[in-house]
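Only one structure is covered here, and it is reproduced in the block below.
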Amino acid sequence: MNKTALYNKHVSLGAKIVPFAGFEMPVQYSGVTEEHFAVREKVGLFDVSHMGQFYVEGTTAKDLLQFVTSNNVENLENGKAQYSCLPNGNGGIVDDLIVYKMEDDKYFVVVNASNIEKDWNHISKFNEKFGAKMTNISNETSLIAIQGPKATETLQKLTDTNLSDIPYYHFTVGTVAGVENVIISNTGYTGSGGFEIYFDNSFAEKLWDDLTLAGEEFGIIPCGLAARDTLRLEKGFCLYGNDIDDTTSPLEAGLGWITKFDKDFVDKEFLLKQKEEGITRKLVGFEMQEKAIPRHDYLVVDAAGNEIGKVTSGTMSPMKKVGVGLAYVAAPNHKLGSEIFIQIRNKNIPAKVAKLPFV
């Protein structure tokens, strides 16, 4: 198993370590609920260094990314980031990712930990035609997420960069706690605001400690993958491997907003046809109407007990105190307010298709 540069730090803090995407990662420290509320109300610190990072450079870099991703790279200006996905050529999704435009002819691509090799091979296959320079810096790069309403104040103590000048999904390169060449990005996977910082592994423990000290007055605590999951689910953010994968199309997953047809890209014709004909199933959010917790792969049925879908993610929402989840549901049951039933231990428990985000 791989370890991030902060592994020893997590162990010393008493984190519960679990295998995740080939890494030994902290799943929780003080407890999921406490960590969840720290991020919603104050500030939390996450090690997400297991994520993958590639540089794509050269005069054909934009053309390559324009073809392999669903979003329109043309809309990126220097210092801007873009959420996108990699269509797989068969109507499904290789991965979802973020593309950063560092400068003209230089892009920084962040991919999911479980898909680093898969994504690299997929993009490389198309790059045989484009000939851009690709560099995989995943093994040398650490990533810390500072998330929550007090995240900006925490990070601002450690940098001269004016963080309020960085809009959502924008970034800059600056110095943090004396460490130079840090990518400071106004992004995150929690829906509570904050920043993600990318830097060389050798500075990981220093920056973790400095951030912990800077956030002490705001009640900062370390947070694990479990809280990251409940936080993203309350906001309806997709998780690759659960809510999207090689069998789900971006349109079915509600990612039409990152699928731009004003350019040529992998699967354009397939997805255009799907858009014109209409999708037969859709990823929806739902709330349980009784005390019950939905889980991944639970069946979704209609009032007559006919199978109409499957739960992809589910949890007890710490904020709403009700069971919430995401599921692919067949038409016409995916409409807002539709009554559906989740099969839990051979019982059909009522739920309602709800508007996202949940909170």
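By convention in this document, the chains of the structure tokens carry letters A, B, ... by their order, each chain's residues are numbered from 1, and ligands are numbered from 1 in the order they are shown.
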
- Using only C-alpha atoms, determine which residues lie at most 12 Å from Ile342 in chain A, disregarding the query and same-chain residues fewer than 2 positions distant; provide the list as a PyMOL selection string. chain A and resi 286-303+305-312+314+323-329+339-340+344-353

- Task: Run DSSP on the backbone and grab whatever in range 96-200 of chain A lands in strand (DSSP E); send it over as a PyMOL selection string.
- Result: chain A and resi 96-103+106-111+133-136+141-147+171-176+179-185+194-200

Give me, as a tab-separated table, each residue of range 118-171 of chain A that comes within 6 Å of range 49-59 of chain A, together with its shortest interatomic pair and the distance in Å at one decimal, counting only C-alpha atoms, with rows ordered by chain and rising residue number.
residue	atom	partner	partner_atom	distance
A:Ala132	CA	A:Gly58	CA	5.5
A:Lys133	CA	A:Glu57	CA	5.0
A:Met134	CA	A:Val56	CA	4.7
A:Thr135	CA	A:Tyr55	CA	5.0
A:Asn136	CA	A:Phe54	CA	4.5
A:Ile137	CA	A:Gln53	CA	5.6
A:Ser138	CA	A:Gly52	CA	4.7
A:Ser142	CA	A:Ser49	CA	4.5
A:Leu143	CA	A:Ser49	CA	4.4

For those residues, write all heavy atoms to a file as a compact mmCIF listing (two decimals), in the first residue's frame.
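Output contents, as saved in out-v9.txt:
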# COMPACT_ATOMS: atom_id res chain seq x y z
N ALA A 132 1.50 16.30 -27.16
CA ALA A 132 1.77 17.23 -26.05
C ALA A 132 2.76 16.59 -25.08
O ALA A 132 2.91 15.37 -25.04
CB ALA A 132 0.48 17.59 -25.33
N LYS A 133 3.41 17.41 -24.27
CA LYS A 133 4.32 16.88 -23.24
C LYS A 133 3.51 16.60 -21.99
O LYS A 133 2.87 17.49 -21.43
CB LYS A 133 5.42 17.91 -22.94
CG LYS A 133 6.42 17.43 -21.89
CD LYS A 133 7.38 18.54 -21.48
CE LYS A 133 8.26 18.06 -20.34
NZ LYS A 133 9.07 19.18 -19.79
N MET A 134 3.52 15.34 -21.53
CA MET A 134 2.78 14.94 -20.33
C MET A 134 3.75 14.52 -19.24
O MET A 134 4.69 13.77 -19.49
CB MET A 134 1.81 13.79 -20.65
CG MET A 134 0.63 14.21 -21.50
SD MET A 134 -0.39 12.77 -22.00
CE MET A 134 -0.84 12.06 -20.41
N THR A 135 3.53 15.01 -18.03
CA THR A 135 4.37 14.65 -16.88
C THR A 135 3.47 14.26 -15.71
O THR A 135 2.58 15.02 -15.32
CB THR A 135 5.26 15.84 -16.45
OG1 THR A 135 5.83 16.45 -17.61
CG2 THR A 135 6.36 15.40 -15.51
N ASN A 136 3.72 13.08 -15.16
CA ASN A 136 2.95 12.61 -14.00
C ASN A 136 3.72 12.97 -12.72
O ASN A 136 4.78 12.42 -12.46
CB ASN A 136 2.77 11.09 -14.09
CG ASN A 136 1.90 10.53 -12.98
OD1 ASN A 136 1.54 11.24 -12.03
ND2 ASN A 136 1.56 9.26 -13.08
N ILE A 137 3.20 13.93 -11.95
CA ILE A 137 3.90 14.37 -10.73
C ILE A 137 3.17 13.91 -9.46
O ILE A 137 3.41 14.42 -8.38
CB ILE A 137 4.10 15.90 -10.72
CG1 ILE A 137 2.75 16.64 -10.76
CG2 ILE A 137 5.01 16.35 -11.85
CD1 ILE A 137 2.85 18.08 -10.32
N SER A 138 2.29 12.91 -9.62
CA SER A 138 1.48 12.44 -8.49
C SER A 138 2.31 12.00 -7.30
O SER A 138 1.96 12.30 -6.15
CB SER A 138 0.59 11.27 -8.94
OG SER A 138 -0.16 11.61 -10.08
N SER A 142 1.97 16.75 -2.77
CA SER A 142 1.01 16.64 -1.66
C SER A 142 -0.11 17.64 -1.85
O SER A 142 0.07 18.68 -2.50
CB SER A 142 1.70 16.89 -0.32
OG SER A 142 2.53 15.80 0.04
N LEU A 143 -1.25 17.32 -1.28
CA LEU A 143 -2.44 18.17 -1.39
C LEU A 143 -3.15 18.22 -0.05
O LEU A 143 -3.53 17.18 0.49
CB LEU A 143 -3.36 17.61 -2.48
CG LEU A 143 -4.80 18.13 -2.59
CD1 LEU A 143 -4.85 19.64 -2.74
CD2 LEU A 143 -5.52 17.45 -3.75

- Query: Which value, in Å to one decimal, gives the distance between CA of Leu64 in chain A and CA of Phe126 in chain A?
  - Reply: 7.4 Å

Please identify every residue of range 197-313 of chain A that has at least one atom no farther than 9 Å from an atom of range 8-17 of chain A, counting only C-alpha atoms, and for each give the shortest atom pair and the distance in Å to one decimal, arranged by chain then increasing number, as a Markdown table.
| residue | atom | partner | partner_atom | distance |
| --- | --- | --- | --- | --- |
| A:Glu205 | CA | A:Lys9 | CA | 7.2 |
| A:Trp208 | CA | A:Lys9 | CA | 8.7 |
| A:Pro222 | CA | A:Leu13 | CA | 8.7 |
| A:Gly224 | CA | A:Ala15 | CA | 8.0 |

Write the residues of the preceding selection, restricted to C-alpha atoms, as a tab-separated table (two decimals), in the first residue's frame.
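For reference, result30.tsv as written:
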chain	number	residue	atom	x	y	z
A	205	GLU	CA	4.44	18.01	7.69
A	208	TRP	CA	0.13	20.64	8.15
A	222	PRO	CA	-8.07	17.13	11.26
A	224	GLY	CA	-10.80	12.01	7.46

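Relative to CA of Leu6 in chain A, CA of Tyr107 in chain A is found at 26.2 Å.
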
- Message: Give me, as a VMD selection string, all polymer residues having an atom no more than 6 Å from range 168-183 of chain A, counting only C-alpha atoms and skipping those fewer than 6 positions away in the same chain.
- Response: chain A and resid 79 to 81 158 to 159 197 to 199

- Between CA of Leu76 in chain A and CA of Lys106 in chain A, what is the spacing in Å?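 Calculated distance between CA of Lys106 in chain A and CA of Leu76 in chain A is 11.6 Å.
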
- Query: Which of these, A:Asn115, A:Asn75, A:Gln343, A:Thr141, has the shortest distance to Tyr240 in chain A once you count only C-alpha atoms?
  - Reply: A:Asn115

- Can you tell me, as a PyMOL selection string, what residues are no more than 7 Å from Asp245 in chain A when counting only C-alpha atoms, ignoring any on the same chain fewer than 3 positions away? chain A and resi 92-95+240-241+248

Next, dump the selected residues to file, keeping only N, CA, C and O atoms, as a PDB file, in the first residue's frame.
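out.pdb was written with the following content:
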ATOM      1  N   GLY A  92     -19.626   6.144 -21.497  1.00  0.00           N
ATOM      2  CA  GLY A  92     -19.404   6.192 -20.052  1.00  0.00           C
ATOM      3  C   GLY A  92     -18.316   7.189 -19.675  1.00  0.00           C
ATOM      4  O   GLY A  92     -17.849   7.969 -20.512  1.00  0.00           O
ATOM      5  N   ILE A  93     -17.906   7.148 -18.409  1.00  0.00           N
ATOM      6  CA  ILE A  93     -16.947   8.120 -17.883  1.00  0.00           C
ATOM      7  C   ILE A  93     -15.702   7.412 -17.351  1.00  0.00           C
ATOM      8  O   ILE A  93     -15.798   6.546 -16.486  1.00  0.00           O
ATOM      9  N   VAL A  94     -14.541   7.788 -17.876  1.00  0.00           N
ATOM     10  CA  VAL A  94     -13.262   7.255 -17.392  1.00  0.00           C
ATOM     11  C   VAL A  94     -12.989   7.785 -15.987  1.00  0.00           C
ATOM     12  O   VAL A  94     -12.553   7.074 -15.091  1.00  0.00           O
ATOM     13  N   ASP A  95     -13.258   9.097 -15.798  1.00  0.00           N
ATOM     14  CA  ASP A  95     -13.013   9.757 -14.515  1.00  0.00           C
ATOM     15  C   ASP A  95     -13.580  11.169 -14.581  1.00  0.00           C
ATOM     16  O   ASP A  95     -13.810  11.708 -15.662  1.00  0.00           O
ATOM     17  N   TYR A 240     -16.568   9.276  -7.930  1.00  0.00           N
ATOM     18  CA  TYR A 240     -16.256   8.289  -8.964  1.00  0.00           C
ATOM     19  C   TYR A 240     -16.170   6.898  -8.348  1.00  0.00           C
ATOM     20  O   TYR A 240     -15.597   6.700  -7.289  1.00  0.00           O
ATOM     21  N   GLY A 241     -16.758   5.921  -9.053  1.00  0.00           N
ATOM     22  CA  GLY A 241     -16.795   4.551  -8.542  1.00  0.00           C
ATOM     23  C   GLY A 241     -18.103   4.253  -7.844  1.00  0.00           C
ATOM     24  O   GLY A 241     -18.502   3.094  -7.732  1.00  0.00           O
ATOM     25  N   THR A 248     -21.875   4.890 -16.801  1.00  0.00           N
ATOM     26  CA  THR A 248     -22.821   6.010 -16.652  1.00  0.00           C
ATOM     27  C   THR A 248     -22.413   7.148 -17.574  1.00  0.00           C
ATOM     28  O   THR A 248     -21.237   7.491 -17.655  1.00  0.00           O
TER      29      THR A 248
END

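The residue that comes closest to Arg232 in chain A, out of A:His36, A:Lys273, A:Lys321, A:Lys118 and on the basis of only C-alpha atoms, is A:His36.
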
- Query: Which residue out of A:Ala5, A:Ile258, A:Ala145, A:Leu251 has the minimum interatomic distance to Glu276 in chain A when only C-alpha atoms are used?
  - Reply: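 Under the stated criterion, the closest residue is A:Leu251.
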
- Would you mind listing what lies within 9 Å of His122 in chain A as JSON, numbers by chain, with only C-alpha atoms counted and same-chain residues fewer than 6 positions away left out? {"A": [68, 86, 88, 94]}

Selection export as a PDB file, in the first residue's frame, atoms kept: C-alpha atoms:
ATOM      1  CA  VAL A  68     -10.391  14.148 -24.275  1.00  0.00           C
ATOM      2  CA  LEU A  86     -13.159  12.084 -19.502  1.00  0.00           C
ATOM      3  CA  ASN A  88     -14.589   6.752 -22.393  1.00  0.00           C
ATOM      4  CA  VAL A  94     -13.262   7.255 -17.392  1.00  0.00           C
TER       5      VAL A  94
END

- From the set A:Phe341, A:Phe237, A:Phe46, A:Phe265, which residue has the shortest atom-to-atom contact distance to Ala253 in chain A, counting only C-alpha atoms?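 Using only C-alpha atoms, Ala253 in chain A sits closest to A:Phe237.
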